[in-house]
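Reproduced below: structure_6.cif, with mmCIF, C-alpha atoms (C1' of nucleotides).
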```
data_input
#
loop_
_atom_site.label_atom_id
_atom_site.label_comp_id
_atom_site.auth_asym_id
_atom_site.auth_seq_id
_atom_site.Cartn_x
_atom_site.Cartn_y
_atom_site.Cartn_z
CA MET Z 3 -44.58 -9.50 -4.25
CA ALA Z 4 -43.95 -6.92 -1.55
CA GLN Z 5 -42.57 -3.59 -2.67
CA GLY Z 6 -38.83 -3.14 -3.03
CA LEU Z 7 -38.01 -6.80 -2.57
CA THR Z 8 -35.89 -8.92 -4.87
CA CYS Z 9 -36.77 -12.52 -5.59
CA ILE Z 10 -33.97 -14.78 -6.73
CA ARG Z 11 -33.97 -18.41 -7.74
CA VAL Z 12 -31.00 -20.66 -7.16
CA PRO Z 13 -30.99 -24.04 -8.86
CA LEU Z 14 -29.42 -26.79 -6.77
CA ASP Z 15 -27.86 -30.04 -7.91
CA THR Z 16 -27.24 -31.36 -4.41
CA PRO Z 17 -29.75 -32.07 -1.62
CA LEU Z 18 -30.59 -29.24 0.78
CA ASP Z 19 -32.49 -29.82 4.02
CA LEU Z 20 -33.20 -26.30 5.27
CA GLU Z 21 -34.82 -27.48 8.49
CA ALA Z 22 -31.75 -29.50 9.48
CA THR Z 23 -29.29 -26.92 8.24
CA LEU Z 24 -30.85 -23.88 9.90
CA PHE Z 25 -31.60 -25.45 13.30
CA SER Z 26 -28.60 -27.69 13.88
CA GLY Z 27 -26.64 -25.37 16.12
CA GLN Z 28 -24.71 -23.63 13.36
CA ASP Z 29 -26.85 -20.50 13.14
CA PHE Z 30 -29.47 -19.47 15.69
CA ARG Z 31 -31.33 -16.60 14.06
CA TRP Z 32 -33.92 -18.31 11.86
CA ASP Z 33 -37.70 -18.52 12.25
CA ARG Z 34 -40.10 -20.85 10.53
CA GLU Z 35 -42.70 -18.81 8.62
CA GLY Z 36 -45.27 -20.68 6.62
CA ASP Z 37 -43.41 -23.20 4.52
CA GLY Z 38 -40.29 -21.02 4.51
CA TYR Z 39 -37.69 -19.62 6.86
CA VAL Z 40 -36.86 -16.03 7.72
CA GLY Z 41 -33.33 -15.27 8.81
CA TRP Z 42 -30.32 -13.23 7.85
CA LEU Z 43 -27.74 -12.90 5.11
CA GLY Z 44 -25.36 -10.69 7.05
CA ASP Z 45 -27.35 -7.59 8.03
CA ALA Z 46 -30.17 -8.23 5.54
CA PRO Z 47 -33.30 -10.19 6.43
CA VAL Z 48 -34.20 -12.94 3.96
CA LEU Z 49 -37.02 -15.40 3.33
CA LEU Z 50 -35.84 -18.79 2.08
CA GLN Z 51 -38.13 -21.38 0.54
CA ARG Z 52 -37.46 -24.68 -1.14
CA ALA Z 53 -38.63 -25.01 -4.73
CA PRO Z 54 -38.74 -28.24 -6.70
CA SER Z 55 -35.43 -27.66 -8.40
CA GLY Z 56 -33.73 -25.41 -5.92
CA LEU Z 57 -34.17 -22.46 -3.67
CA VAL Z 58 -36.14 -19.21 -3.75
CA ALA Z 59 -34.96 -16.22 -1.72
CA LEU Z 60 -36.71 -12.92 -1.06
CA THR Z 61 -34.66 -9.98 0.23
CA SER Z 62 -34.24 -6.23 -0.09
CA LEU Z 63 -30.73 -6.75 -1.45
CA PRO Z 64 -29.86 -6.09 -5.09
CA GLU Z 65 -29.96 -9.27 -7.11
CA GLY Z 66 -26.23 -9.73 -7.48
CA GLU Z 67 -25.59 -9.17 -3.80
CA ALA Z 68 -28.40 -11.53 -2.81
CA HIS Z 69 -26.89 -14.28 -4.95
CA ALA Z 70 -23.41 -13.68 -3.60
CA ARG Z 71 -24.50 -13.72 0.04
CA LEU Z 72 -26.64 -16.79 -0.37
CA ARG Z 73 -23.83 -18.68 -2.06
CA ARG Z 74 -21.56 -17.68 0.77
CA PHE Z 75 -24.03 -18.54 3.54
CA LEU Z 76 -24.82 -22.00 2.20
CA ARG Z 77 -21.30 -22.59 0.86
CA LEU Z 78 -22.77 -23.37 -2.53
CA ASP Z 79 -19.37 -23.17 -4.19
CA ASP Z 80 -18.07 -26.11 -2.18
CA ASP Z 81 -18.05 -29.30 -4.23
CA LEU Z 82 -20.34 -31.16 -1.90
CA ASP Z 83 -20.37 -34.34 -3.98
CA ALA Z 84 -16.59 -34.51 -3.87
CA ILE Z 85 -16.53 -33.78 -0.14
CA ARG Z 86 -19.12 -36.43 0.61
CA THR Z 87 -17.35 -38.96 -1.59
CA ALA Z 88 -14.06 -38.31 0.15
CA LEU Z 89 -15.63 -38.69 3.61
CA ALA Z 90 -17.80 -41.69 2.72
CA GLY Z 91 -14.74 -43.93 2.69
CA ASP Z 92 -15.29 -43.80 6.44
CA GLY Z 93 -18.19 -46.15 7.21
CA VAL Z 94 -19.38 -44.20 10.25
CA LEU Z 95 -19.49 -40.94 8.33
CA ALA Z 96 -21.16 -42.66 5.39
CA ARG Z 97 -24.03 -43.63 7.72
CA CYS Z 98 -24.24 -40.14 9.24
CA MET Z 99 -24.38 -38.53 5.82
CA ALA Z 100 -26.94 -41.04 4.56
CA SER Z 101 -29.19 -40.14 7.51
CA TRP Z 102 -28.92 -36.42 6.76
CA PRO Z 103 -28.37 -36.09 3.03
CA GLY Z 104 -29.41 -32.44 2.89
CA LEU Z 105 -27.52 -31.17 5.93
CA ARG Z 106 -25.07 -28.48 4.88
CA LEU Z 107 -22.33 -26.51 6.57
CA VAL Z 108 -23.14 -22.80 6.70
CA ARG Z 109 -20.94 -19.77 6.86
CA LEU Z 110 -21.57 -16.88 9.24
CA GLU Z 111 -19.95 -13.49 9.67
CA PRO Z 112 -17.05 -13.44 12.15
CA TRP Z 113 -18.56 -11.20 14.83
CA PRO Z 114 -21.98 -12.86 15.11
CA ALA Z 115 -20.24 -16.24 15.07
CA LEU Z 116 -18.03 -15.19 17.98
CA ALA Z 117 -20.96 -13.81 19.96
CA PHE Z 118 -23.17 -16.83 19.20
CA PHE Z 119 -20.65 -19.38 20.37
CA LEU Z 120 -19.62 -17.35 23.39
CA CYS Z 121 -23.26 -17.56 24.44
CA SER Z 122 -23.57 -21.22 23.44
CA GLN Z 123 -21.39 -22.59 26.20
CA HIS Z 124 -23.09 -25.00 28.55
CA ALA Z 125 -26.51 -24.27 27.04
CA PRO Z 126 -28.87 -26.31 24.86
CA ILE Z 127 -29.88 -24.90 21.45
CA PRO Z 128 -33.31 -23.55 22.53
CA ARG Z 129 -31.69 -21.59 25.30
CA ILE Z 130 -28.97 -20.24 23.00
CA THR Z 131 -31.68 -19.13 20.59
CA ARG Z 132 -33.54 -17.34 23.38
CA MET Z 133 -30.40 -15.55 24.57
CA LEU Z 134 -29.53 -14.36 21.07
CA ASN Z 135 -33.08 -13.25 20.30
CA ALA Z 136 -33.16 -11.31 23.56
CA LEU Z 137 -29.84 -9.68 22.71
CA ALA Z 138 -31.05 -8.70 19.24
CA GLN Z 139 -34.34 -7.28 20.44
CA ALA Z 140 -32.74 -5.31 23.25
CA LEU Z 141 -29.67 -3.97 21.47
CA GLY Z 142 -30.01 -4.58 17.75
CA GLU Z 143 -31.19 -2.24 15.05
CA PRO Z 144 -34.85 -2.75 14.08
CA VAL Z 145 -35.72 -3.66 10.49
CA VAL Z 146 -39.21 -4.19 9.09
CA PHE Z 147 -39.36 -7.19 6.77
CA LEU Z 148 -42.48 -8.94 5.47
CA GLY Z 149 -44.69 -6.89 7.74
CA ARG Z 150 -42.87 -7.61 10.97
CA GLU Z 151 -40.25 -5.84 12.97
CA ARG Z 152 -37.04 -7.80 13.34
CA TRP Z 153 -33.68 -6.92 14.84
CA ARG Z 154 -30.20 -7.12 13.42
CA PHE Z 155 -27.63 -8.76 15.63
CA PRO Z 156 -26.08 -6.01 17.78
CA THR Z 157 -22.63 -4.65 17.02
CA PRO Z 158 -19.74 -4.96 19.50
CA THR Z 159 -20.22 -1.26 20.24
CA ALA Z 160 -23.88 -1.75 21.14
CA ILE Z 161 -23.04 -4.67 23.42
CA ALA Z 162 -20.10 -2.84 24.99
CA GLY Z 163 -22.38 0.13 25.66
CA ALA Z 164 -25.02 -2.00 27.32
CA GLY Z 165 -22.76 -3.07 30.18
CA PRO Z 166 -22.63 -6.43 31.91
CA GLU Z 167 -25.70 -5.89 34.12
CA ARG Z 168 -27.96 -5.24 31.19
CA LEU Z 169 -26.63 -8.35 29.45
CA ALA Z 170 -27.13 -10.42 32.57
CA ALA Z 171 -30.75 -9.22 32.66
CA LEU Z 172 -31.17 -10.93 29.29
CA ARG Z 173 -30.48 -14.23 31.07
CA LEU Z 174 -27.03 -14.74 29.70
CA GLY Z 175 -25.76 -15.90 33.07
CA TYR Z 176 -22.00 -15.92 33.47
CA ARG Z 177 -21.67 -15.46 29.70
CA ALA Z 178 -22.72 -11.81 30.13
CA GLU Z 179 -19.33 -10.83 31.54
CA TYR Z 180 -17.46 -12.72 28.80
CA LEU Z 181 -19.52 -11.22 25.99
CA TRP Z 182 -19.27 -7.72 27.38
CA ARG Z 183 -15.50 -7.84 27.83
CA THR Z 184 -14.94 -9.29 24.37
CA ALA Z 185 -17.27 -6.70 22.81
CA CYS Z 186 -15.36 -3.93 24.63
CA LEU Z 187 -12.02 -5.13 23.24
CA LEU Z 188 -13.41 -5.12 19.71
CA ALA Z 189 -15.29 -1.83 20.09
CA GLN Z 190 -12.17 -0.11 21.43
CA GLY Z 191 -10.06 -1.48 18.62
CA ARG Z 192 -7.87 -3.40 21.08
CA ALA Z 193 -8.72 -6.66 19.31
CA HIS Z 194 -9.59 -7.27 15.66
CA LEU Z 195 -11.47 -10.06 13.97
CA ASP Z 196 -10.96 -9.06 10.34
CA VAL Z 197 -7.21 -9.68 10.45
CA LEU Z 198 -7.78 -13.30 11.46
CA ALA Z 199 -9.10 -14.06 7.98
CA SER Z 200 -5.60 -13.81 6.53
CA LEU Z 201 -3.87 -15.87 9.23
CA PRO Z 202 -3.23 -19.61 9.27
CA THR Z 203 -5.86 -21.48 11.28
CA GLU Z 204 -3.53 -22.22 14.22
CA GLU Z 205 -2.48 -18.59 14.57
CA ALA Z 206 -6.06 -17.34 14.27
CA ARG Z 207 -6.99 -19.88 16.92
CA ARG Z 208 -4.34 -18.58 19.31
CA ARG Z 209 -5.70 -15.06 18.95
CA LEU Z 210 -9.28 -16.15 19.52
CA LEU Z 211 -8.23 -18.03 22.66
CA ALA Z 212 -6.86 -14.77 24.06
CA LEU Z 213 -10.37 -13.28 24.15
CA PRO Z 214 -12.30 -13.52 27.44
CA GLY Z 215 -14.67 -16.46 27.53
CA VAL Z 216 -13.20 -18.11 24.46
CA GLY Z 217 -11.88 -21.60 25.10
CA GLU Z 218 -10.95 -24.33 22.63
CA LYS Z 219 -14.48 -25.37 21.71
CA VAL Z 220 -15.71 -21.83 21.11
CA ALA Z 221 -12.56 -20.90 19.18
CA ASP Z 222 -13.01 -23.90 16.90
CA CYS Z 223 -16.68 -23.05 16.27
CA VAL Z 224 -15.73 -19.48 15.34
CA LEU Z 225 -13.01 -20.72 13.00
CA LEU Z 226 -15.29 -23.23 11.32
CA LEU Z 227 -18.48 -21.19 11.02
CA GLY Z 228 -17.26 -17.59 11.18
CA PHE Z 229 -14.11 -17.97 9.12
CA GLY Z 230 -14.95 -20.95 6.97
CA ARG Z 231 -11.95 -22.98 8.18
CA THR Z 232 -13.07 -26.48 7.40
CA ASP Z 233 -9.94 -27.87 9.02
CA ALA Z 234 -11.27 -26.74 12.43
CA PHE Z 235 -12.85 -29.51 14.50
CA PRO Z 236 -14.90 -28.35 17.51
CA VAL Z 237 -15.11 -31.04 20.20
CA ASP Z 238 -18.20 -30.80 22.36
CA ARG Z 239 -19.85 -33.52 24.35
CA TRP Z 240 -21.78 -34.89 21.37
CA VAL Z 241 -18.72 -35.13 19.18
CA ARG Z 242 -16.81 -36.69 22.07
CA ARG Z 243 -19.55 -39.29 22.45
CA ALA Z 244 -19.52 -40.00 18.73
CA LEU Z 245 -15.75 -40.52 18.72
CA VAL Z 246 -15.81 -42.73 21.81
CA GLU Z 247 -18.85 -44.78 20.88
CA TRP Z 248 -18.38 -45.11 17.14
CA TYR Z 249 -14.60 -45.09 16.75
CA GLY Z 250 -13.63 -46.69 20.06
CA LEU Z 251 -11.44 -43.79 21.18
CA PRO Z 252 -10.64 -43.89 24.91
CA PRO Z 253 -13.07 -41.80 27.00
CA PRO Z 254 -10.30 -40.11 29.01
CA TYR Z 255 -8.75 -38.62 25.87
CA THR Z 256 -8.42 -34.85 26.20
CA GLU Z 257 -10.23 -32.55 23.86
CA ARG Z 258 -6.88 -31.68 22.25
CA ARG Z 259 -6.13 -35.35 21.66
CA LEU Z 260 -9.51 -35.96 20.03
CA ARG Z 261 -9.09 -32.91 17.83
CA ALA Z 262 -5.64 -34.01 16.73
CA TRP Z 263 -6.97 -37.48 15.91
CA ALA Z 264 -9.77 -36.01 13.77
CA GLN Z 265 -7.53 -33.55 11.98
CA GLU Z 266 -5.05 -36.29 11.22
CA ARG Z 267 -7.83 -38.45 9.84
CA TRP Z 268 -9.87 -35.91 7.91
CA GLY Z 269 -7.50 -33.01 7.30
CA SER Z 270 -9.12 -30.02 5.64
CA LEU Z 271 -12.51 -31.77 5.74
CA ALA Z 272 -12.48 -32.28 9.52
CA GLY Z 273 -15.08 -29.54 9.96
CA TYR Z 274 -17.46 -31.30 7.59
CA ALA Z 275 -16.90 -34.57 9.43
CA GLN Z 276 -17.68 -32.78 12.69
CA LEU Z 277 -20.96 -31.45 11.32
CA TYR Z 278 -22.27 -34.88 10.36
CA LEU Z 279 -20.97 -36.63 13.48
CA PHE Z 280 -22.41 -33.96 15.74
CA HIS Z 281 -25.81 -33.81 14.12
CA HIS Z 282 -26.28 -37.53 13.80
CA ARG Z 283 -25.15 -38.30 17.34
CA ARG Z 284 -27.36 -35.58 18.73
CA THR Z 285 -30.48 -36.56 16.78
CA VAL Z 286 -30.03 -40.22 17.67
CA HIS Z 287 -30.13 -39.11 21.27
CA LEU Z 288 -33.24 -36.96 20.78
CA LEU Z 289 -35.10 -39.92 19.28
CA GLN Z 290 -34.53 -42.09 22.35
"C1'" DA I 24 -2.75 -31.91 33.70
"C1'" DT I 25 -7.06 -32.33 36.51
"C1'" DT I 26 -10.47 -30.55 39.20
"C1'" DT I 27 -13.78 -27.15 40.54
"C1'" DA I 28 -17.06 -23.33 40.50
"C1'" DC I 29 -19.52 -20.47 37.69
"C1'" DC I 30 -25.27 -18.48 35.85
"C1'" DC I 31 -29.28 -20.28 34.29
"C1'" DT I 32 -32.99 -23.39 32.39
"C1'" DA I 33 -35.69 -27.50 31.37
"C1'" DC I 34 -37.08 -31.69 32.62
"C1'" DA I 35 -37.22 -35.95 35.50
"C1'" DT I 36 -37.70 -37.81 39.91
"C1'" DT I 37 -39.01 -37.79 44.64
"C1'" DA J 5 -47.51 -30.11 44.64
"C1'" DA J 6 -43.37 -28.41 45.75
"C1'" DA J 7 -38.74 -29.73 46.33
"C1'" DT J 8 -34.70 -31.74 44.77
"C1'" DG J 9 -31.68 -33.68 41.27
"C1'" DT J 10 -29.42 -33.69 36.84
"C1'" DA J 11 -27.68 -32.48 32.48
"C1'" DG J 12 -26.82 -29.12 29.21
"C1'" DG J 13 -22.43 -27.03 22.29
"C1'" DG J 14 -17.45 -24.74 28.44
"C1'" DT J 15 -14.15 -21.58 30.49
"C1'" DA J 16 -11.05 -19.83 33.89
"C1'" DA J 17 -8.93 -20.19 38.26
#
```
Represent the structure contained in this file as structure tokens.
Amino acid sequence: MAQGLTCIRVPLDTPLDLEATLFSGQDFRWDREGDGYVGWLGDAPVLLQRAPSGLVALTSLPEGEAHARLRRFLRLDDDLDAIRTALAGDGVLARCMASWPGLRLVRLEPWPALAFFLCSQHAPIPRITRMLNALAQALGEPVVFLGRERWRFPTPTAIAGAGPERLAALRLGYRAEYLWRTACLLAQGRAHLDVLASLPTEEARRRLLALPGVGEKVADCVLLLGFGRTDAFPVDRWVRRALVEWYGLPPPYTERRLRAWAQERWGSLAGYAQLYLFHHRRTVHLLQ
DNA sequence: ATTTACCCTACATT
DNA sequence: AAATGTAGGGTAA
């Protein structure tokens, strides 16, 4: 084992499909390396590998911290069996979940989540990944892990300091201006993400919507993935298609109307429902 | 409440 | 072969 690294083992009693989980548009900062995956637990690089009975993780974090962050990232304290059972009463969701038994919801840190989904608008996953990698390499702090240099995701201050032109040069397009302005507000202390954690979802949502470049879809992604609000239900074109095609909802329904329908139906598990609907609808499309 | 323009990329079609 | 068209995890005017 490499020097100074901690290896932890996490037994799992529920399925875990790392490939689906890490590349399904929830997080964008993972690389396949050998039969494992290198990504991030907050600011710490980590190597994740499946083992017969669970998961093996290699990091420079102390053991306790590594366990805590991994549990948080993969939401291992959620009772996935209970969640799946509750949702499987819905035949459509039952099929989605059966197709992707190891797909899990992840949990990100608030600031990267906000930056990720600001950049995600109107872009396919490979492009989002490129934009975020470019941002990290240009403005993030370098870390050597497993013999390679990697870059932490840049802070709001680093992005604010770069200026909109430099961000645009990273091929962010019109998102450059949004990301820069939002980073400036946070860096100057004129907006705060940490306080949102203690607010009800609707109030937190209102505050996110006040940030430049944050509309309903992005706000809901930040709530779901960055703040762990499983009652949030992001409606993008894939989810819209799923609701129209599989539940017969009228195509002209507004995003707000679709969201209200889903939250009424699935309540605090709406975010889980969204994950399975989104991923299944999208992968069905990719197979065609 | 609806429509439109916005930056950029990948891929299909002509 | 180069040009044109289209769709893509949306937001703000």
Checklist line | Residues of chain J within 8 Å of chain Z, counting all atoms listed in the file, as a PyMOL selection string | finding: chain J and resi 12-15
Using only C-alpha atoms (C1' of nucleotides), what table do you get, as JSON lines, when you list each residue of chain Z with an atom no more than 7 Å from chain I, its nearest pair of atoms, and their distance in Å rounded to one decimal, rows by chain then rising number?
```
{"residue": "Z:Arg173", "atom": "CA", "partner": "I:DC31", "partner_atom": "C1'", "distance": 7.0}
{"residue": "Z:Gly175", "atom": "CA", "partner": "I:DC30", "partner_atom": "C1'", "distance": 3.8}
{"residue": "Z:Tyr176", "atom": "CA", "partner": "I:DC30", "partner_atom": "C1'", "distance": 4.8}
```
Next item on the list: Starting from the shown file, work through the PyMOL selection byres ((chain Z and resi 41-45) around 7) and note down what comes out as a list in words.
Entry: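 Applied to this file, the PyMOL selection byres ((chain Z and resi 41-45) around 7) selects Arg31, Trp32, Asp33, Tyr39, Val40, Ala46, Pro47, Val48, Leu49, Arg71, Leu72, Phe75, Glu111 and Arg154 of chain Z.
Distance-wise, CA of Gly93 (chain Z) and CA of Phe235 (chain Z) end up 18.9 Å apart.
Of note, CA of Asp233 (chain Z) and CA of Trp263 (chain Z) are spaced 12.2 Å apart.
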Next item on the list: Could you tell me how far CA of Ala136 (chain Z) lies from CA of Glu179 (chain Z), in Å and to one decimal?
Entry: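 These two atoms are separated by 16.0 Å.
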Next item on the list: Report as a list in words the full result of the PyMOL selection byres ((chain Z and resi 22) around 9) when it is applied to this structure.
Entry: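 That selection, the PyMOL selection byres ((chain Z and resi 22) around 9), comes back as Leu18, Asp19, Leu20, Glu21, Thr23, Leu24, Phe25, Ser26, Trp102, Gly104, Leu105, Arg106 and His281 of chain Z.
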Coordinates of box centre and edge lengths for region 29-36 of chain I, 6 Å on every side, axis-aligned, as AutoDock Vina command-line options:
```
--center_x -28.6 --center_y -28.1 --center_z 35.6 --size_x 30.2 --size_y 31.3 --size_z 20.5
```
Next item on the list: For the file shown, report as a VMD selection string the outcome of the PyMOL selection byres ((chain Z and resi 187) around 12) at residue level.
Entry: chain Z and resid 158 to 159 161 to 163 180 to 186 188 to 195 210 212 to 214
Next item on the list: With a distance cut-off of 12 Å and all atoms listed in the file, select the neighbouring residues of region 252-254 of chain Z, excluding the residue or stretch itself and same-chain residues fewer than 2 positions from it, and output the selection as a PyMOL selection string.
Entry: (chain Z and resi 239+241-250+256-260+263) or (chain I and resi 25)
Residues from last step as file, C-alpha atoms (C1' of nucleotides), as a compact mmCIF listing (two decimals), in the coordinates of the input:
```txt
# COMPACT_ATOMS: atom_id res chain seq x y z
CA ARG Z 239 -19.85 -33.52 24.35
CA VAL Z 241 -18.72 -35.13 19.18
CA ARG Z 242 -16.81 -36.69 22.07
CA ARG Z 243 -19.55 -39.29 22.45
CA ALA Z 244 -19.52 -40.00 18.73
CA LEU Z 245 -15.75 -40.52 18.72
CA VAL Z 246 -15.81 -42.73 21.81
CA GLU Z 247 -18.85 -44.78 20.88
CA TRP Z 248 -18.38 -45.11 17.14
CA TYR Z 249 -14.60 -45.09 16.75
CA GLY Z 250 -13.63 -46.69 20.06
CA THR Z 256 -8.42 -34.85 26.20
CA GLU Z 257 -10.23 -32.55 23.86
CA ARG Z 258 -6.88 -31.68 22.25
CA ARG Z 259 -6.13 -35.35 21.66
CA LEU Z 260 -9.51 -35.96 20.03
CA TRP Z 263 -6.97 -37.48 15.91
C1' DT I 25 -7.06 -32.33 36.51
```
Margin query: Restricting the calculation to only C-alpha atoms: of Z:Thr285, Z:Tyr274, Z:Ala264, Z:Ala234, which residue gets closest to Ala90 (chain Z)?
Written below: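 Between Z:Thr285, Z:Tyr274, Z:Ala264, Z:Ala234, the residue approaching Ala90 (chain Z) most closely is Z:Tyr274.
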At a cut-off of 10 Å, using only C-alpha atoms (C1' of nucleotides), what residues contact Leu134 (chain Z)? Leave out same-chain residues fewer than 2 positions from it and give the result as an mmCIF file with C-alpha atoms, keeping the file's coordinate frame.
```
data_model
loop_
_atom_site.group_PDB
_atom_site.id
_atom_site.type_symbol
_atom_site.label_atom_id
_atom_site.label_comp_id
_atom_site.auth_asym_id
_atom_site.auth_seq_id
_atom_site.Cartn_x
_atom_site.Cartn_y
_atom_site.Cartn_z
ATOM 1 C CA PHE Z 30 -29.470 -19.470 15.690
ATOM 2 C CA ARG Z 31 -31.330 -16.600 14.060
ATOM 3 C CA PRO Z 114 -21.980 -12.860 15.110
ATOM 4 C CA ALA Z 117 -20.960 -13.810 19.960
ATOM 5 C CA PHE Z 118 -23.170 -16.830 19.200
ATOM 6 C CA CYS Z 121 -23.260 -17.560 24.440
ATOM 7 C CA SER Z 122 -23.570 -21.220 23.440
ATOM 8 C CA ARG Z 129 -31.690 -21.590 25.300
ATOM 9 C CA ILE Z 130 -28.970 -20.240 23.000
ATOM 10 C CA THR Z 131 -31.680 -19.130 20.590
ATOM 11 C CA ARG Z 132 -33.540 -17.340 23.380
ATOM 12 C CA ALA Z 136 -33.160 -11.310 23.560
ATOM 13 C CA LEU Z 137 -29.840 -9.680 22.710
ATOM 14 C CA ALA Z 138 -31.050 -8.700 19.240
ATOM 15 C CA GLN Z 139 -34.340 -7.280 20.440
ATOM 16 C CA ALA Z 140 -32.740 -5.310 23.250
ATOM 17 C CA PHE Z 155 -27.630 -8.760 15.630
ATOM 18 C CA PRO Z 156 -26.080 -6.010 17.780
ATOM 19 C CA LEU Z 172 -31.170 -10.930 29.290
ATOM 20 C CA LEU Z 174 -27.030 -14.740 29.700
#
```
